[in-house]
Amino acid sequence: MLLDTVVTTLDAVAATRSRLAKVDALAGLLGELQPDEIAPAVGFLVGKPRQGRVGVGWRGVSAVMGEPAAEATLTVLDLDALLGELAALGGAGSAGDRSAALRDFAARGTAGEQDLLARVLLGEMRTGALEGVLIDAIARAADRPGTSVRRAAMLTGDLGETAVIALTGTADELDAVGLEVGRPVLPMLAATAASASAALATTGPASVEYKLDGARIQVHRSGDSVRVFTRNLADITHRVPEVVEIVRRLPARDVILDGETLSLDEDGGPRPFQETMSRFGAEAAREAVLHPWFFDILHVDGRDLLDEPLSVRRHELERVAGEYRIPGEVTDDPETAERVSREALAAGQEGVVVKAIDSPYAAGRRGSSWIKVKPVLTYDLVVLACEWGSGRRRGLLSNLHLGARDPDGDFGEPGGFVMVGKTFKGLTDELLRWQTEEFQRIEVRRTPGTVWVAPTTVVEIAIDGVQRSTRYPGGIALRFARVKRYRDDKEAGEADTIATLRSLLRE
């Protein structure tokens, strides 16, 4: 398939707000792909090529873009091969080789193909072709039930692989996709509530568990082989040897565990989140020791537990994880839920997660079965731009422009981000230095006093609420926004939506 066909389809998807029209356009594209083109094309559509990050930033992309070709000749497999070549480059001279390969490819691309290349490399697919829409499109093109495609995508953690199975295999092969020890699955996600008692009113009888100020991990063990994955399904096994050793000692041969890990200080309290995340970015273990705590179990010794109620999974988790199980209590009493919440905060943790005791594990889904409660309102937003500071911050990028995700394009471009406020509060000297370097690396343009960046950086922002405002296109502005931390473990597609923030107006 010509790459131009992908470009044309994405233009059609971006031009409409109709979910049905998006699904129709994407299904038409998927139906025309050859089997070896399916996985690469799906990766391009969601901005997640199967090669992962290939070491090219905005400056590297912009430096090689020249006069576009007049005629479309590039194919889907041509771009896939380029990404494979870039991913394989490393060592002395690799920067020059990478630029040469990019320059040659870009010279053969039309303007639309050059734009697609840049967005794929930078992970900036702002078309509204989100994974949920694409799942429906795969189901339509393959004539398979959407529930079957969605479950397979959750259990493989790979939409490209799921599309290949759905489009080239049988219905039985699609339905046969299940948990596989060693292959990560998308994590179950939580909604939010203002208090533990309010959350309990939604869930009914629940397990009220500490919400640690750590990093999400999913651990797979098969015999002596242990693999550890992040919430984004990246393999970090070699970076967390202490977690590996602990899991090897647990009383199970085959197991999949969901939990968190964090560093502790000398008194046993949690160290700052960024210290935990620094370990995830290190190729070798550092002095800070990571401790795992597990809050769910998905599989144990040949038995899948996804569809079992949480009450059953808790029993198995207690048997397998023992002292490494996250603290919590099962209750239907609001006062007990609030007490556990206070105890979690006193222990230095973020709050609690209230989990319906009869709920299955809904991989990759965010619903009302799990509800997180924090003492302050916090939301994950995306940095759109940053202003140069003044006074003591002169020469440093300081004031952040913050955007919420707008998946349906209700306030702008479908799949893009809508600005909801600014803040320079909560930024330490270390963060100021880091963002000054990082935001110039992902810079896309400048205006007087401001550096505009690719919308790829997620930052957790604490707020006191929102207020109606005509200043920003979303109709709201953040109240007393301050930076809590950068979320290196999250992608822009996981940021909170403008609808979520606007719902605060009614509370």
# chains A, B, ... in the order shown; residues from 1 in each chain; ligands from 1

$ select_by_dssp --residues "region 141-348 of chain A" --states "strand (DSSP E or B)" --output "NGL selection string"
:A and (189-193 or 206-211 or 215-222 or 225-230 or 235 or 254-264 or 270 or 290-300 or 303-304 or 325 or 328-331)

$ select_by_dssp --residues "region 225-455 of chain A" --states "alpha helix (DSSP H)" --output "ChimeraX atom specification"
/A:241-248,273-280,310-321,334-346,429-441

$ residues_around --residues "Gly449 (chain A)" --least-positions-apart "6" --cutoff "9 Å" --atoms "only C-alpha atoms" --output "list in words"
Cys386, Glu387, Trp388 and Gly389 of chain A

$ residues_around --residues "Glu318 (chain A)" --least-positions-apart "5" --cutoff "10 Å" --atoms "only C-alpha atoms" --output "JSON list (two decimals) with C-alpha atoms, in the first residue's frame"
[["chain", "number", "residue", "atom", "x", "y", "z"],
["A", 294, "PHE", "CA", 1.26, -5.79, 44.91],
["A", 295, "PHE", "CA", -2.45, -5.07, 44.81],
["A", 296, "ASP", "CA", -3.71, -7.61, 42.27],
["A", 297, "ILE", "CA", -2.97, -11.02, 40.78],
["A", 313, "ARG", "CA", -8.10, -12.43, 43.65],
["A", 323, "GLU", "CA", 4.08, -9.33, 53.20],
["A", 324, "TYR", "CA", 4.36, -7.64, 49.80],
["A", 325, "ARG", "CA", 0.60, -7.04, 49.48],
["A", 326, "ILE", "CA", -0.49, -3.40, 49.64]]

$ residues_around --residues "Ala81 (chain A)" --least-positions-apart "5" --cutoff "12 Å" --atoms "only C-alpha atoms" --output "mmCIF file with N, CA, C and O atoms, in the first residue's frame"
data_model
loop_
_atom_site.group_PDB
_atom_site.id
_atom_site.type_symbol
_atom_site.label_atom_id
_atom_site.label_comp_id
_atom_site.auth_asym_id
_atom_site.auth_seq_id
_atom_site.Cartn_x
_atom_site.Cartn_y
_atom_site.Cartn_z
ATOM 1 N N ASP A 36 1.405 -8.347 5.809
ATOM 2 C CA ASP A 36 2.640 -7.825 6.399
ATOM 3 C C ASP A 36 2.619 -6.322 6.582
ATOM 4 O O ASP A 36 3.543 -5.746 7.162
ATOM 5 N N GLU A 37 1.562 -5.673 6.104
ATOM 6 C CA GLU A 37 1.446 -4.221 6.262
ATOM 7 C C GLU A 37 0.585 -3.839 7.474
ATOM 8 O O GLU A 37 0.605 -2.684 7.902
ATOM 9 N N PRO A 40 2.556 -2.653 10.934
ATOM 10 C CA PRO A 40 3.190 -1.331 10.779
ATOM 11 C C PRO A 40 2.175 -0.207 10.616
ATOM 12 O O PRO A 40 2.308 0.850 11.238
ATOM 13 N N PRO A 49 4.917 3.247 16.567
ATOM 14 C CA PRO A 49 5.508 2.257 15.667
ATOM 15 C C PRO A 49 6.062 1.070 16.445
ATOM 16 O O PRO A 49 6.466 1.205 17.596
ATOM 17 N N ARG A 50 6.056 -0.094 15.813
ATOM 18 C CA ARG A 50 6.448 -1.306 16.530
ATOM 19 C C ARG A 50 7.916 -1.308 16.928
ATOM 20 O O ARG A 50 8.322 -2.076 17.797
ATOM 21 N N GLN A 51 8.719 -0.414 16.308
ATOM 22 C CA GLN A 51 10.129 -0.312 16.690
ATOM 23 C C GLN A 51 10.328 0.517 17.957
ATOM 24 O O GLN A 51 11.438 0.581 18.485
ATOM 25 N N LEU A 74 6.300 6.305 -2.003
ATOM 26 C CA LEU A 74 6.657 5.552 -0.801
ATOM 27 C C LEU A 74 5.524 4.621 -0.380
ATOM 28 O O LEU A 74 4.346 4.915 -0.608
ATOM 29 N N THR A 75 5.891 3.507 0.261
ATOM 30 C CA THR A 75 4.897 2.540 0.729
ATOM 31 C C THR A 75 4.928 2.423 2.249
ATOM 32 O O THR A 75 5.852 2.918 2.909
ATOM 33 N N VAL A 76 3.935 1.762 2.792
ATOM 34 C CA VAL A 76 3.887 1.491 4.225
ATOM 35 C C VAL A 76 5.130 0.729 4.661
ATOM 36 O O VAL A 76 5.747 1.032 5.695
ATOM 37 N N LEU A 86 16.638 2.941 11.602
ATOM 38 C CA LEU A 86 16.961 3.952 12.610
ATOM 39 C C LEU A 86 17.117 3.321 13.990
ATOM 40 O O LEU A 86 18.000 3.691 14.763
ATOM 41 N N ALA A 87 16.247 2.354 14.311
ATOM 42 C CA ALA A 87 16.309 1.708 15.618
ATOM 43 C C ALA A 87 17.594 0.910 15.793
ATOM 44 O O ALA A 87 18.095 0.753 16.910
ATOM 45 N N ALA A 88 18.135 0.412 14.687
ATOM 46 C CA ALA A 88 19.336 -0.423 14.758
ATOM 47 C C ALA A 88 20.620 0.397 14.844
ATOM 48 O O ALA A 88 21.673 -0.140 15.198
ATOM 49 N N ALA A 101 19.825 8.811 6.487
ATOM 50 C CA ALA A 101 18.693 7.945 6.163
ATOM 51 C C ALA A 101 17.392 8.733 6.160
ATOM 52 O O ALA A 101 16.539 8.556 5.273
ATOM 53 N N LEU A 102 17.230 9.606 7.143
ATOM 54 C CA LEU A 102 16.031 10.429 7.209
ATOM 55 C C LEU A 102 15.942 11.393 6.026
ATOM 56 O O LEU A 102 14.880 11.581 5.430
ATOM 57 N N PHE A 105 14.899 9.562 2.868
ATOM 58 C CA PHE A 105 13.483 9.182 2.893
ATOM 59 C C PHE A 105 12.595 10.403 2.696
ATOM 60 O O PHE A 105 11.641 10.377 1.906
#

$ residues_around --residues "Ala191 (chain A)" --least-positions-apart "5" --cutoff "9 Å" --atoms "only C-alpha atoms" --output "PyMOL selection string"
chain A and resi 366-373

$ write_last_selection --atoms "N, CA, C and O atoms" --output "tab-separated table (two decimals), in the first residue's frame"
chain	number	residue	atom	x	y	z
A	366	ARG	N	-10.98	2.08	32.19
A	366	ARG	CA	-11.20	2.97	33.34
A	366	ARG	C	-12.70	3.04	33.58
A	366	ARG	O	-13.46	3.48	32.72
A	367	GLY	N	-13.15	2.58	34.73
A	367	GLY	CA	-14.58	2.60	35.02
A	367	GLY	C	-14.81	2.98	36.47
A	367	GLY	O	-13.96	3.59	37.12
A	368	SER	N	-15.96	2.59	36.99
A	368	SER	CA	-16.32	2.97	38.36
A	368	SER	C	-16.03	1.86	39.37
A	368	SER	O	-16.37	2.01	40.54
A	369	SER	N	-15.40	0.76	38.92
A	369	SER	CA	-15.09	-0.33	39.85
A	369	SER	C	-13.90	0.01	40.73
A	369	SER	O	-13.80	-0.47	41.86
A	370	TRP	N	-12.96	0.77	40.19
A	370	TRP	CA	-11.81	1.26	40.96
A	370	TRP	C	-11.90	2.78	41.00
A	370	TRP	O	-12.04	3.42	39.96
A	371	ILE	N	-11.80	3.35	42.19
A	371	ILE	CA	-11.88	4.81	42.33
A	371	ILE	C	-10.76	5.28	43.26
A	371	ILE	O	-10.68	4.85	44.41
A	372	LYS	N	-9.91	6.17	42.76
A	372	LYS	CA	-8.80	6.68	43.57
A	372	LYS	C	-9.22	7.95	44.28
A	372	LYS	O	-10.00	8.76	43.77
A	373	VAL	N	-8.71	8.11	45.48
A	373	VAL	CA	-9.03	9.27	46.31
A	373	VAL	C	-7.73	9.88	46.81
A	373	VAL	O	-6.91	9.20	47.44

$ closest_residue --among "A:Leu155, A:Ala12, A:Ile256, A:Val330" --to "His220 (chain A)" --atoms "only C-alpha atoms"
A:Ile256

$ residues_around --residues "Arg446 (chain A)" --least-positions-apart "3" --cutoff "12 Å" --atoms "only C-alpha atoms" --output "list in words"
Leu384, Ala385, Cys386, Glu387, Trp388, Phe439, Gln440, Ile442, Glu443, Gly449, Thr450, Val451, Trp452, Val453 and Ala454 of chain A

$ closest_residue --among "A:Leu186, A:Ala142, A:Leu116, A:Leu345" --to "Leu212 (chain A)" --atoms "only C-alpha atoms"
A:Leu345

$ closest_residue --among "A:Val483, A:Val247, A:Leu478, A:Ala499" --to "Phe411 (chain A)" --atoms "only C-alpha atoms"
A:Ala499
